[in-house]
file run01.pdb (PDB, C-alpha atoms, pLDDT in the B column)
ATOM      1  CA  MET A 247       0.676  15.684   6.100  1.00 70.00           C
ATOM      2  CA  ASN A 248      -0.292  13.354   8.949  1.00 74.00           C
ATOM      3  CA  ASN A 249      -3.576  15.268   9.320  1.00 82.00           C
ATOM      4  CA  LEU A 250      -4.753  14.439   5.785  1.00 85.00           C
ATOM      5  CA  PRO A 251      -5.451  10.735   6.394  1.00 85.00           C
ATOM      6  CA  VAL A 252      -6.891  11.341   9.853  1.00 84.00           C
ATOM      7  CA  GLU A 253      -9.443  13.849   8.544  1.00 88.00           C
ATOM      8  CA  ALA A 254     -10.322  11.931   5.341  1.00 90.00           C
ATOM      9  CA  ASP A 255     -13.501   9.867   4.987  1.00 91.00           C
ATOM     10  CA  GLU A 256     -11.557   6.996   3.397  1.00 92.00           C
ATOM     11  CA  THR A 257      -7.970   6.494   2.306  1.00 93.00           C
ATOM     12  CA  GLY A 258      -6.156   4.250  -0.122  1.00 93.00           C
ATOM     13  CA  ILE A 259      -2.493   4.009  -1.015  1.00 93.00           C
ATOM     14  CA  ILE A 260      -0.846   3.244  -4.344  1.00 93.00           C
ATOM     15  CA  SER A 261       2.836   2.777  -3.582  1.00 92.00           C
ATOM     16  CA  LEU A 262       5.215   3.060  -6.535  1.00 92.00           C
ATOM     17  CA  GLY A 263       8.485   1.679  -5.297  1.00 85.00           C
ATOM     18  CA  SER A 264       8.895   1.305  -1.587  1.00 78.00           C
ATOM     19  CA  GLY A 265      10.878   2.303   1.440  1.00 79.00           C
ATOM     20  CA  LEU A 266      10.458   5.529   3.363  1.00 82.00           C
ATOM     21  CA  PRO A 267       7.713   7.206   1.257  1.00 84.00           C
ATOM     22  CA  ARG A 268       5.485   4.124   1.503  1.00 87.00           C
ATOM     23  CA  HIS A 269       6.043   3.719   5.231  1.00 84.00           C
ATOM     24  CA  TYR A 270       5.423   7.432   5.839  1.00 87.00           C
ATOM     25  CA  ALA A 271       2.032   7.223   4.109  1.00 88.00           C
ATOM     26  CA  LEU A 272       1.139   3.986   5.895  1.00 89.00           C
ATOM     27  CA  ASN A 273       2.248   5.257   9.307  1.00 90.00           C
ATOM     28  CA  ALA A 274       0.057   8.346   8.911  1.00 90.00           C
ATOM     29  CA  ASN A 275      -2.915   5.996   8.497  1.00 91.00           C
ATOM     30  CA  ILE A 276      -2.288   4.237  11.818  1.00 90.00           C
ATOM     31  CA  PHE A 277      -4.005   7.148  13.592  1.00 87.00           C
ATOM     32  CA  ARG A 278      -7.230   6.527  11.662  1.00 88.00           C
ATOM     33  CA  GLY A 279      -7.249   2.758  12.128  1.00 88.00           C
ATOM     34  CA  GLY A 280      -5.520   1.968   8.853  1.00 91.00           C
ATOM     35  CA  THR A 281      -6.023   2.706   5.190  1.00 92.00           C
ATOM     36  CA  LYS A 282      -8.904   0.987   3.442  1.00 92.00           C
ATOM     37  CA  TYR A 283      -6.973  -0.161   0.356  1.00 92.00           C
ATOM     38  CA  ALA A 284      -3.323  -0.586  -0.586  1.00 92.00           C
ATOM     39  CA  VAL A 285      -1.522  -1.400  -3.834  1.00 93.00           C
ATOM     40  CA  TYR A 286       2.228  -2.046  -3.672  1.00 91.00           C
ATOM     41  CA  ILE A 287       4.202  -1.980  -6.924  1.00 92.00           C
ATOM     42  CA  SER A 288       7.859  -2.739  -6.270  1.00 88.00           C
ATOM     43  CA  THR A 289      10.867  -4.754  -7.375  1.00 85.00           C
ATOM     44  CA  GLY A 290      11.834  -5.391  -3.727  1.00 78.00           C
ATOM     45  CA  THR A 291      12.117  -9.004  -2.622  1.00 74.00           C
ATOM     46  CA  GLU A 292      11.813 -10.471   0.861  1.00 71.00           C
ATOM     47  CA  TRP A 293      15.106 -12.293   0.790  1.00 70.00           C
ATOM     48  CA  ASP A 294      17.217  -9.112   0.559  1.00 67.00           C
ATOM     49  CA  GLY A 295      16.230  -8.237   4.142  1.00 63.00           C
ATOM     50  CA  SER A 296      15.214  -4.632   3.508  1.00 61.00           C
ATOM     51  CA  THR A 297      12.011  -2.978   4.667  1.00 58.00           C
ATOM     52  CA  SER A 298      11.484  -1.944   1.058  1.00 61.00           C
ATOM     53  CA  SER A 299      10.362  -5.486   0.375  1.00 59.00           C
ATOM     54  CA  SER A 300       7.945  -5.769   3.301  1.00 75.00           C
ATOM     55  CA  LYS A 301       4.651  -7.339   2.347  1.00 78.00           C
ATOM     56  CA  PRO A 302       1.140  -6.018   3.055  1.00 82.00           C
ATOM     57  CA  ASN A 303       0.896  -8.603   5.857  1.00 80.00           C
ATOM     58  CA  GLU A 304       3.403  -6.518   7.828  1.00 80.00           C
ATOM     59  CA  ALA A 305       1.141  -3.482   7.469  1.00 85.00           C
ATOM     60  CA  TYR A 306      -1.870  -5.465   8.722  1.00 83.00           C
ATOM     61  CA  THR A 307      -0.044  -6.435  11.913  1.00 83.00           C
ATOM     62  CA  TRP A 308       0.741  -2.786  12.705  1.00 85.00           C
ATOM     63  CA  GLY A 309      -2.743  -1.504  11.855  1.00 87.00           C
ATOM     64  CA  LYS A 310      -1.533   0.430   8.812  1.00 90.00           C
ATOM     65  CA  ILE A 311      -4.062  -1.345   6.569  1.00 90.00           C
ATOM     66  CA  LYS A 312      -7.539  -2.248   7.829  1.00 89.00           C
ATOM     67  CA  LEU A 313      -8.393  -5.927   7.928  1.00 82.00           C
ATOM     68  CA  PHE A 314     -12.156  -6.168   7.631  1.00 79.00           C
ATOM     69  CA  LYS A 315     -12.619  -9.916   8.026  1.00 73.00           C
ATOM     70  CA  PRO A 316     -10.089 -12.670   8.631  1.00 69.00           C
ATOM     71  CA  TYR A 317      -8.490 -13.721   5.354  1.00 68.00           C
ATOM     72  CA  GLU A 318     -10.307 -11.018   3.364  1.00 73.00           C
ATOM     73  CA  LYS A 319      -7.538  -8.964   1.838  1.00 77.00           C
ATOM     74  CA  ASN A 320      -7.991  -5.412   0.613  1.00 87.00           C
ATOM     75  CA  SER A 321      -4.418  -5.032  -0.592  1.00 89.00           C
ATOM     76  CA  VAL A 322      -2.289  -6.396  -3.381  1.00 88.00           C
ATOM     77  CA  GLU A 323       1.413  -6.517  -4.135  1.00 88.00           C
ATOM     78  CA  VAL A 324       2.647  -6.455  -7.721  1.00 90.00           C
ATOM     79  CA  VAL A 325       6.308  -7.354  -8.192  1.00 88.00           C
ATOM     80  CA  GLY A 326       7.799  -5.516 -11.130  1.00 90.00           C
ATOM     81  CA  ASP A 327       8.959  -2.192 -12.526  1.00 93.00           C
ATOM     82  CA  ALA A 328       6.481   0.525 -11.536  1.00 93.00           C
ATOM     83  CA  THR A 329       7.300   2.612 -14.634  1.00 95.00           C
ATOM     84  CA  ILE A 330       5.884  -0.206 -16.776  1.00 96.00           C
ATOM     85  CA  ILE A 331       3.163  -1.654 -14.545  1.00 96.00           C
ATOM     86  CA  PHE A 332       1.488   1.519 -13.232  1.00 96.00           C
ATOM     87  CA  PRO A 333       0.668   3.000 -16.678  1.00 97.00           C
ATOM     88  CA  LEU A 334      -0.884  -0.356 -17.642  1.00 96.00           C
ATOM     89  CA  ILE A 335      -3.050  -0.317 -14.497  1.00 93.00           C
ATOM     90  CA  VAL A 336      -4.179   3.262 -15.207  1.00 94.00           C
ATOM     91  CA  ALA A 337      -4.940   2.429 -18.849  1.00 96.00           C
ATOM     92  CA  GLY A 338      -6.908  -0.629 -17.734  1.00 94.00           C
ATOM     93  CA  ALA A 339      -8.951   1.483 -15.337  1.00 91.00           C
ATOM     94  CA  PHE A 340     -10.246   3.555 -18.265  1.00 94.00           C
ATOM     95  CA  LEU A 341     -11.290   0.594 -20.412  1.00 92.00           C
ATOM     96  CA  ASP A 342     -14.982  -0.220 -20.694  1.00 68.00           C
TER      97      ASP A 342
END
call {"tool": "encode", "arguments": {"input": "run01.pdb", "output": "structure tokens"}}
result
Amino acid sequence: MNNLPVEADETGIISLGSGLPRHYALNANIFRGGTKYAVYISTGTEWDGSTSSSKPNEAYTWGKIKLFKPYEKNSVEVVGDATIIFPLIVAGAFLD
């Protein structure tokens, strides 16, 4: 699976939840200089001290997400239940 992001023209990540699956996908993108876009949808909070709640800024520092220009973000974090939020995002993508 690590070869998929390396060989792709561009990559983007939509992370539903967090933890190991998100970090596995992000780590695979380190070898290509980072993913171009990232969307995190999670109920994790920073104060609980888990890596599940790590923000996109952490991924920028490790080169998991590309930073094109200083202060120009190409990622977003949505705090909430992914089973509710993700279907709304998909439905919104198909609206005219």
call {"tool": "closest_residue", "arguments": {"input": "run01.pdb", "among": "A:Val336, A:Ala284, A:Leu341, A:Val324", "to": "A:His269", "atoms": "all atoms listed in the file"}}
result
A:Ala284
call {"tool": "residues_around", "arguments": {"input": "run01.pdb", "residues": "stretch 254-262 of chain A", "least_positions_apart": "5", "cutoff": "7 Å", "atoms": "only C-alpha atoms", "output": "list in words"}}
result
Arg268, Thr281, Lys282, Tyr283, Ala284, Val285, Tyr286, Ile287, Ser288 and Ala328 of chain A
call {"tool": "closest_residue", "arguments": {"input": "run01.pdb", "among": "A:Leu250, A:Ile276, A:Ile331, A:Val325", "to": "A:Ala305", "atoms": "all atoms listed in the file"}}
result
A:Ile276
call {"tool": "closest_residue", "arguments": {"input": "run01.pdb", "among": "A:Thr289, A:Tyr270, A:Phe277, A:Ser264", "to": "A:Asn249", "atoms": "all atoms listed in the file"}}
result
A:Phe277
call {"tool": "atom_distance", "arguments": {"input": "run01.pdb", "atom1": "atom CA of A:Gly338", "atom2": "atom CA of A:Ala274"}}
result
29.0 Å
call {"tool": "atom_distance", "arguments": {"input": "run01.pdb", "atom1": "atom CA of A:Asp327", "atom2": "atom CA of A:Asn248"}}
result
28.1 Å
call {"tool": "axis_aligned_box", "arguments": {"input": "run01.pdb", "around": "stretch 316-334 of chain A", "padding_each_side": "8 Å", "output": "AutoDock Vina command-line options"}}
result
--center_x -0.7 --center_y -5.4 --center_z -4.5 --size_x 35.3 --size_y 32.7 --size_z 42.3
call {"tool": "atom_distance", "arguments": {"input": "run01.pdb", "atom1": "atom CA of A:Lys312", "atom2": "atom CA of A:Leu334"}}
result
26.4 Å
call {"tool": "closest_residue", "arguments": {"input": "run01.pdb", "among": "A:Leu313, A:Ala337, A:Val322, A:Val252", "to": "A:Arg278", "atoms": "all atoms listed in the file"}}
result
A:Val252
call {"tool": "closest_residue", "arguments": {"input": "run01.pdb", "among": "A:Ser321, A:Lys310, A:Thr291, A:Ser300", "to": "A:Asn273", "atoms": "only C-alpha atoms"}}
result
A:Lys310
call {"tool": "closest_residue", "arguments": {"input": "run01.pdb", "among": "A:Pro251, A:Gly265, A:Pro333, A:Gly279", "to": "A:Lys301", "atoms": "only C-alpha atoms"}}
result
A:Gly265
